[in-house]
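> Next comes the structure file structure30.txt, holding compact mmCIF, C-alpha atoms and all ligand atoms.
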```txt
# COMPACT_ATOMS: atom_id res chain seq x y z
CA MET C 13 -2.69 16.14 6.24
CA ASN C 14 -2.01 14.35 2.93
CA ILE C 15 0.24 11.35 3.56
CA ILE C 16 1.97 8.81 1.31
CA PHE C 17 3.06 5.42 2.60
CA LEU C 18 6.12 4.11 0.81
CA GLY C 19 7.87 0.81 1.43
CA PRO C 20 8.20 -2.68 0.02
CA PRO C 21 5.24 -5.08 -0.17
CA GLY C 22 4.70 -6.53 3.30
CA ALA C 23 6.22 -3.62 5.21
CA GLY C 24 2.82 -2.94 6.73
CA LYS C 25 1.56 0.03 4.68
CA GLY C 26 -2.04 -1.20 4.73
CA THR C 27 -2.02 -2.14 8.41
CA GLN C 28 -0.49 1.18 9.51
CA ALA C 29 -2.83 3.16 7.27
CA GLN C 30 -5.87 1.34 8.72
CA LEU C 31 -4.73 2.19 12.26
CA LEU C 32 -4.15 5.82 11.33
CA THR C 33 -7.57 6.07 9.70
CA LYS C 34 -9.11 5.25 13.08
CA GLU C 35 -6.90 7.80 14.83
CA LEU C 36 -6.99 10.70 12.37
CA GLY C 37 -10.36 10.09 10.70
CA ILE C 38 -8.95 10.50 7.20
CA PRO C 39 -9.45 7.83 4.51
CA GLN C 40 -6.93 5.19 3.47
CA ILE C 41 -6.67 5.03 -0.29
CA SER C 42 -5.17 1.75 -1.38
CA THR C 43 -4.74 1.30 -5.12
CA GLY C 44 -4.20 -2.44 -4.53
CA ASP C 45 -7.58 -2.74 -2.74
CA MET C 46 -9.29 -0.68 -5.47
CA LEU C 47 -7.79 -2.83 -8.22
CA ARG C 48 -8.73 -6.10 -6.48
CA LYS C 49 -12.30 -4.82 -6.03
CA ALA C 50 -12.47 -3.88 -9.71
CA MET C 51 -11.17 -7.37 -10.59
CA ARG C 52 -13.82 -9.05 -8.41
CA GLU C 53 -16.52 -6.92 -10.02
CA GLY C 54 -15.17 -7.59 -13.52
CA THR C 55 -15.12 -3.89 -14.51
CA LYS C 56 -13.08 -2.64 -17.49
CA THR C 57 -10.31 -1.47 -15.12
CA GLY C 58 -10.40 -4.81 -13.32
CA LEU C 59 -10.06 -6.79 -16.54
CA GLU C 60 -7.19 -4.57 -17.65
CA ALA C 61 -5.37 -4.91 -14.31
CA LYS C 62 -5.78 -8.66 -13.72
CA ARG C 63 -2.72 -10.04 -15.49
CA TYR C 64 -0.39 -7.45 -13.98
CA VAL C 65 -1.68 -7.88 -10.43
CA GLU C 66 -1.58 -11.67 -10.57
CA SER C 67 2.01 -11.78 -11.83
CA GLY C 68 3.23 -9.13 -9.36
CA GLY C 69 3.97 -6.59 -12.11
CA LEU C 70 2.78 -2.99 -12.14
CA VAL C 71 -0.53 -1.99 -13.70
CA PRO C 72 0.06 0.68 -16.39
CA ASP C 73 0.56 4.17 -14.94
CA GLU C 74 -2.37 5.78 -16.77
CA VAL C 75 -4.83 3.22 -15.32
CA VAL C 76 -3.83 3.79 -11.68
CA ILE C 77 -3.37 7.55 -12.05
CA ALA C 78 -6.95 7.81 -13.36
CA ILE C 79 -8.46 5.89 -10.45
CA VAL C 80 -6.48 7.87 -7.85
CA LYS C 81 -7.39 11.21 -9.43
CA GLU C 82 -11.07 10.29 -9.38
CA ARG C 83 -10.89 9.02 -5.78
CA LEU C 84 -9.10 12.13 -4.43
CA ALA C 85 -11.84 14.33 -5.86
CA GLU C 86 -14.39 12.72 -3.51
CA ASP C 87 -15.70 14.65 -0.51
CA ASP C 88 -14.11 12.53 2.21
CA CYS C 89 -10.62 13.51 0.99
CA LYS C 90 -11.17 17.22 1.64
CA ASN C 91 -9.52 17.13 5.10
CA GLY C 92 -6.67 14.83 4.14
CA TYR C 93 -5.96 11.23 3.10
CA MET C 94 -3.37 8.48 3.14
CA LEU C 95 -2.16 6.94 -0.07
CA ASP C 96 -1.15 3.31 0.38
CA GLY C 97 0.56 1.72 -2.62
CA PHE C 98 0.53 4.84 -4.79
CA PRO C 99 2.68 6.30 -6.28
CA ARG C 100 4.82 3.33 -7.30
CA THR C 101 6.86 4.94 -10.07
CA VAL C 102 8.51 8.34 -10.42
CA PHE C 103 6.12 9.08 -13.29
CA GLN C 104 3.11 8.43 -11.03
CA ALA C 105 4.65 10.76 -8.39
CA GLU C 106 5.17 13.51 -10.95
CA GLU C 107 1.59 13.18 -12.19
CA LEU C 108 0.25 13.11 -8.62
CA ALA C 109 2.04 16.40 -7.91
CA LYS C 110 -0.10 18.00 -10.64
CA PHE C 111 -3.38 17.36 -8.79
CA ALA C 112 -2.39 16.87 -5.12
CA LYS C 113 -0.19 18.48 -2.51
CA ILE C 114 1.58 15.85 -0.41
CA ASP C 115 2.69 16.91 3.09
CA VAL C 116 4.68 13.87 4.15
CA ALA C 117 5.95 10.58 2.69
CA VAL C 118 6.50 7.87 5.31
CA ASP C 119 8.92 5.18 4.17
CA LEU C 120 8.33 1.89 6.00
CA ASP C 121 11.68 0.13 5.92
CA LEU C 122 12.13 -3.66 6.17
CA PRO C 123 14.79 -6.19 5.03
CA ASP C 124 13.88 -8.58 2.17
CA GLU C 125 14.15 -11.79 4.18
CA VAL C 126 11.55 -10.56 6.69
CA ILE C 127 9.22 -9.58 3.83
CA VAL C 128 9.05 -13.05 2.30
CA GLU C 129 8.21 -14.60 5.69
CA ARG C 130 5.54 -11.97 6.38
CA LEU C 131 3.85 -12.11 3.01
CA SER C 132 3.77 -15.88 2.63
CA GLY C 133 1.95 -16.08 5.99
CA ARG C 134 -0.41 -13.19 5.23
CA ARG C 135 -4.18 -13.75 5.20
CA VAL C 136 -6.63 -11.03 4.21
CA CYS C 137 -10.32 -10.40 4.63
CA PRO C 138 -12.00 -10.04 1.22
CA ASN C 139 -14.86 -8.16 2.89
CA CYS C 140 -13.26 -5.45 5.10
CA ASN C 141 -9.59 -5.71 3.92
CA ALA C 142 -8.26 -6.45 7.43
CA THR C 143 -4.87 -8.17 7.29
CA TYR C 144 -3.46 -10.92 9.53
CA HIS C 145 -0.42 -13.18 9.78
CA VAL C 146 -1.17 -16.90 10.31
CA SER C 147 0.82 -16.74 13.55
CA GLN C 148 -1.82 -14.32 15.01
CA LEU C 149 -4.80 -16.48 14.09
CA GLY C 150 -4.30 -19.54 16.33
CA GLY C 151 -5.74 -21.79 13.62
CA SER C 152 -8.82 -19.61 13.00
CA THR C 153 -9.72 -18.89 9.37
CA VAL C 154 -12.21 -16.05 9.87
CA CYS C 155 -11.88 -12.27 10.17
CA LYS C 156 -11.97 -10.95 13.75
CA ASN C 157 -13.66 -7.73 12.57
CA CYS C 158 -16.48 -9.03 10.42
CA GLY C 159 -16.46 -12.85 10.51
CA ALA C 160 -15.82 -13.36 6.78
CA GLU C 161 -13.66 -16.31 5.68
CA LEU C 162 -10.04 -15.13 5.22
CA ILE C 163 -8.17 -15.74 1.98
CA GLN C 164 -4.56 -15.83 0.81
CA ARG C 165 -3.93 -13.32 -1.99
CA LYS C 166 -2.85 -15.03 -5.21
CA ASP C 167 0.12 -12.69 -5.43
CA ASP C 168 1.33 -13.75 -1.97
CA SER C 169 2.87 -16.96 -3.37
CA GLU C 170 6.66 -17.12 -2.93
CA GLU C 171 7.49 -16.78 -6.65
CA THR C 172 5.22 -13.75 -7.09
CA ILE C 173 6.54 -12.18 -3.87
CA ARG C 174 10.09 -12.32 -5.30
CA ASN C 175 8.89 -10.66 -8.49
CA ARG C 176 7.09 -7.94 -6.52
CA LEU C 177 10.29 -7.25 -4.56
CA LYS C 178 12.28 -6.95 -7.77
CA VAL C 179 9.68 -4.57 -9.20
CA TYR C 180 9.78 -2.58 -5.96
CA THR C 181 13.57 -2.23 -6.01
CA GLU C 182 13.71 -1.24 -9.66
CA GLN C 183 10.65 1.00 -10.01
CA THR C 184 9.39 2.14 -6.61
CA ALA C 185 12.49 2.51 -4.41
CA PRO C 186 13.69 5.57 -6.45
CA LEU C 187 10.73 7.42 -4.89
CA ILE C 188 12.58 7.42 -1.57
CA ASP C 189 15.16 9.82 -3.05
CA TYR C 190 12.46 11.70 -4.94
CA TYR C 191 10.66 12.61 -1.68
CA ARG C 192 13.91 13.05 0.27
CA ARG C 193 14.93 15.74 -2.21
CA GLN C 194 11.61 17.47 -1.55
CA GLY C 195 12.35 17.44 2.19
CA ILE C 196 9.18 15.52 3.14
CA LEU C 197 10.56 12.00 3.68
CA ARG C 198 10.36 10.27 7.07
CA THR C 199 11.85 6.78 7.43
CA VAL C 200 10.47 4.28 9.94
CA ASP C 201 12.16 0.95 10.76
CA CYS C 202 9.29 -1.55 10.69
CA GLN C 203 10.85 -4.67 12.18
CA GLY C 204 8.92 -4.36 15.45
CA THR C 205 5.37 -5.41 16.30
CA VAL C 206 2.39 -3.66 14.68
CA GLU C 207 1.93 -1.57 17.85
CA GLU C 208 5.61 -0.61 18.09
CA ASN C 209 5.66 0.35 14.42
CA PHE C 210 2.48 2.39 14.84
CA ALA C 211 4.09 4.38 17.68
CA LEU C 212 7.06 5.10 15.40
CA VAL C 213 4.80 6.11 12.51
CA LYS C 214 2.91 8.57 14.74
CA ARG C 215 6.19 10.02 16.00
CA ALA C 216 7.40 10.42 12.41
CA LEU C 217 4.22 12.28 11.50
CA GLU C 218 4.56 14.64 14.47
CA ALA C 219 8.19 15.47 13.67
P1 LIG W 301 -0.71 -3.86 -3.13
O1 LIG W 301 -1.99 -4.33 -2.53
O2 LIG W 301 -0.42 -2.41 -2.87
O3 LIG W 301 0.46 -4.77 -2.80
O4 LIG W 301 -0.90 -3.97 -4.74
C1 LIG W 301 -1.16 -5.20 -5.35
C2 LIG W 301 -0.87 -5.10 -6.84
O5 LIG W 301 -1.71 -4.11 -7.44
C3 LIG W 301 0.55 -4.70 -7.21
O6 LIG W 301 1.46 -5.79 -7.19
C4 LIG W 301 0.33 -4.14 -8.62
O7 LIG W 301 0.15 -5.18 -9.56
C5 LIG W 301 -1.01 -3.42 -8.47
N1 LIG W 301 -0.83 -2.00 -8.05
C6 LIG W 301 -1.22 -1.44 -6.87
N2 LIG W 301 -0.90 -0.13 -6.83
C7 LIG W 301 -0.28 0.14 -8.00
C8 LIG W 301 0.33 1.32 -8.56
N3 LIG W 301 0.36 2.47 -7.87
N4 LIG W 301 0.88 1.22 -9.80
C9 LIG W 301 0.86 0.07 -10.50
N5 LIG W 301 0.33 -1.08 -10.03
C10 LIG W 301 -0.24 -1.05 -8.79
```
Write the structure described by the file as structure tokens, please.
Ligand code: AMP

Amino acid sequence: MNIIFLGPPGAGKGTQAQLLTKELGIPQISTGDMLRKAMREGTKTGLEAKRYVESGGLVPDEVVIAIVKERLAEDDCKNGYMLDGFPRTVFQAEELAKFAKIDVAVDLDLPDEVIVERLSGRRVCPNCNATYHVSQLGGSTVCKNCGAELIQRKDDSEETIRNRLKVYTEQTAPLIDYYRRQGILRTVDCQGTVEENFALVKRALEA
């Protein structure tokens, strides 16, 4: 099954996709993770993406479309995949449709005020990409999976979060209607715990 996760930053796309990877055995393809890796490695793509990512703006369509197209051609995507953070514009969705057949788009729905609280307390593992909220960590600063020191993403500062929400509303939210019109949209209310949301996501995929 080829799945897209839609939803505002902080709705839990990455967390839900990581859980589903374990359950379904299909890869999670996160354009945000790929761009941050490219930035750490200082590749041409990374250098091009840096200023957009750090300000909370969108990286140019042609840059992200190229990395997704290349990634989907890899062997591990043959039996399905989950796209997390792509597409983010209608143009990206239209281009994606030229080289991929999407079965379902899961929209993770969450009010803005909850998003700011979630993202400003988010800590991530730079090694395995696991994500936590400070309230789950009990003062610890290391990853429970791999022991690496957790970091706060630069774009999880309050000012950048507000910009990312604005960008989401203006450029990404129209995708909800785009996939609804295609009859493949499933909406999940993500205000519950990670486990509750995961149960809802699985139900939405079975529907
Ligand atoms: P994420 O980890 O999905 O929140 O993405 C972090 C940042 O990477 C975003 O704020 C954008 O700057 C950039 N980015 C990720 N995916 C895309 C995309 N599909 N199109 C444009 N920019 C993207």
> Expressed in Å to a single decimal, how great is the separation between CA of Met94 (chain C) and atom C3 of ligand LIG 301 (chain W)?
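These two atoms are separated by 17.2 Å.
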> At a cut-off of 10 Å, using only C-alpha atoms, what residues contact Tyr191 (chain C)? Leave out same-chain residues fewer than 2 positions from it and give the result as JSON, numbers by chain.
{"C": [16, 18, 102, 105, 114, 116, 117, 118, 119, 186, 187, 188, 189, 193, 194, 195, 196, 197, 198]}
> If you count all atoms listed in the file, which residues end up within 6 Å of ligand LIG 301 (chain W), as a compact mmCIF listing (two decimals) with C-alpha atoms, in the frame of the given file?

```
# COMPACT_ATOMS: atom_id res chain seq x y z
CA PRO C 21 5.24 -5.08 -0.17
CA THR C 43 -4.74 1.30 -5.12
CA GLY C 44 -4.20 -2.44 -4.53
CA ASP C 45 -7.58 -2.74 -2.74
CA TYR C 64 -0.39 -7.45 -13.98
CA VAL C 65 -1.68 -7.88 -10.43
CA GLY C 68 3.23 -9.13 -9.36
CA GLY C 69 3.97 -6.59 -12.11
CA LEU C 70 2.78 -2.99 -12.14
CA VAL C 71 -0.53 -1.99 -13.70
CA PRO C 72 0.06 0.68 -16.39
CA ASP C 73 0.56 4.17 -14.94
CA VAL C 76 -3.83 3.79 -11.68
CA GLY C 97 0.56 1.72 -2.62
CA PHE C 98 0.53 4.84 -4.79
CA PRO C 99 2.68 6.30 -6.28
CA ARG C 100 4.82 3.33 -7.30
```
> Can you tell me, as a ChimeraX atom specification, what residues are no more than 12 Å from Glu35 (chain C) when counting all atoms listed in the file, ignoring any on the same chain fewer than 5 positions away?
/C:28-30,40,210-211,214
> To one decimal in Å, tell me the separation between CA of Met51 (chain C) and CA of Gly133 (chain C).
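Straight-line distance from CA of Met51 (chain C) to CA of Gly133 (chain C) works out to 22.9 Å.
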> What's the separation between CA of Ser67 (chain C) and CA of Asp167 (chain C), in Å to one decimal place?
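We find that CA of Ser67 (chain C) and CA of Asp167 (chain C) lie 6.7 Å from each other.
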> Near Val75 (chain C), counting all atoms listed in the file, which residues have an atom at most 10 Å away, once you skip same-chain residues fewer than 5 positions from it, shown as a ChimeraX atom specification?
/C:47,57-58,60-61,80
> Any idea what's packed within 9 Å of Arg174 (chain C), counting all atoms listed in the file, ignoring anything in its chain fewer than 4 positions away? Could you give it as a list in words?
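Here the qualifying residues turn out to be Gly68, Val128, Ser169, Glu170, Lys178 and Val179 of chain C.
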> Using only C-alpha atoms, please write the residues we just selected to a file, as a PDB file, in the frame of the given file.

```pdb
ATOM      1  CA  GLY C  68       3.230  -9.130  -9.360  1.00  0.00           C
ATOM      2  CA  VAL C 128       9.050 -13.050   2.300  1.00  0.00           C
ATOM      3  CA  SER C 169       2.870 -16.960  -3.370  1.00  0.00           C
ATOM      4  CA  GLU C 170       6.660 -17.120  -2.930  1.00  0.00           C
ATOM      5  CA  LYS C 178      12.280  -6.950  -7.770  1.00  0.00           C
ATOM      6  CA  VAL C 179       9.680  -4.570  -9.200  1.00  0.00           C
TER       7      VAL C 179
END
```
> For Cys89 (chain C), which residue among C:Val126, C:Ile15, C:Ala109, C:Val213 is the nearest when counting all atoms listed in the file?
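The answer is C:Ile15, which sits nearest to Cys89 (chain C).
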> Can you tell me, as a list of chain:residue names, what residues are no more than 6 Å from Thr101 (chain C) when counting all atoms listed in the file, ignoring any on the same chain fewer than 3 positions away?
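Using all atoms listed in the file, the neighbours found are C:Gln104, C:Gln183, C:Thr184.
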> Set up a box along x, y and z of the file covering all listed atoms of region 28-32 of chain C, add 4 Å on every one of the six sides, and write the centre and edge lengths in Å to one decimal, as AutoDock Vina command-line options.

```
--center_x -3.2 --center_y 3.5 --center_z 9.8 --size_x 13.4 --size_y 12.6 --size_z 13.0
```
> From the options C:Glu74, C:Glu182, C:Asp201, C:Asp168, which residue's atoms come nearest to Glu129 (chain C), counting all atoms listed in the file?
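Ranked by minimum distance to Glu129 (chain C), first place goes to C:Asp168.
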> Looking at all atoms listed in the file, which of C:Leu131, C:Ile173, C:Cys155, C:Leu120 is the one that sits closest to Ala185 (chain C)?
C:Leu120
> For Leu32 (chain C), which residue out of C:Glu106, C:Glu53, C:Asp96, C:Asp115 is the nearest one, using all atoms listed in the file?
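For Leu32 (chain C), the nearest of the candidates is C:Asp96.
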> Measuring atom to atom with all atoms listed in the file, identify which of C:Arg52, C:Val136, C:Tyr190, C:Arg165 is nearest to Leu149 (chain C).
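Smallest separation from Leu149 (chain C) among the options: C:Val136.
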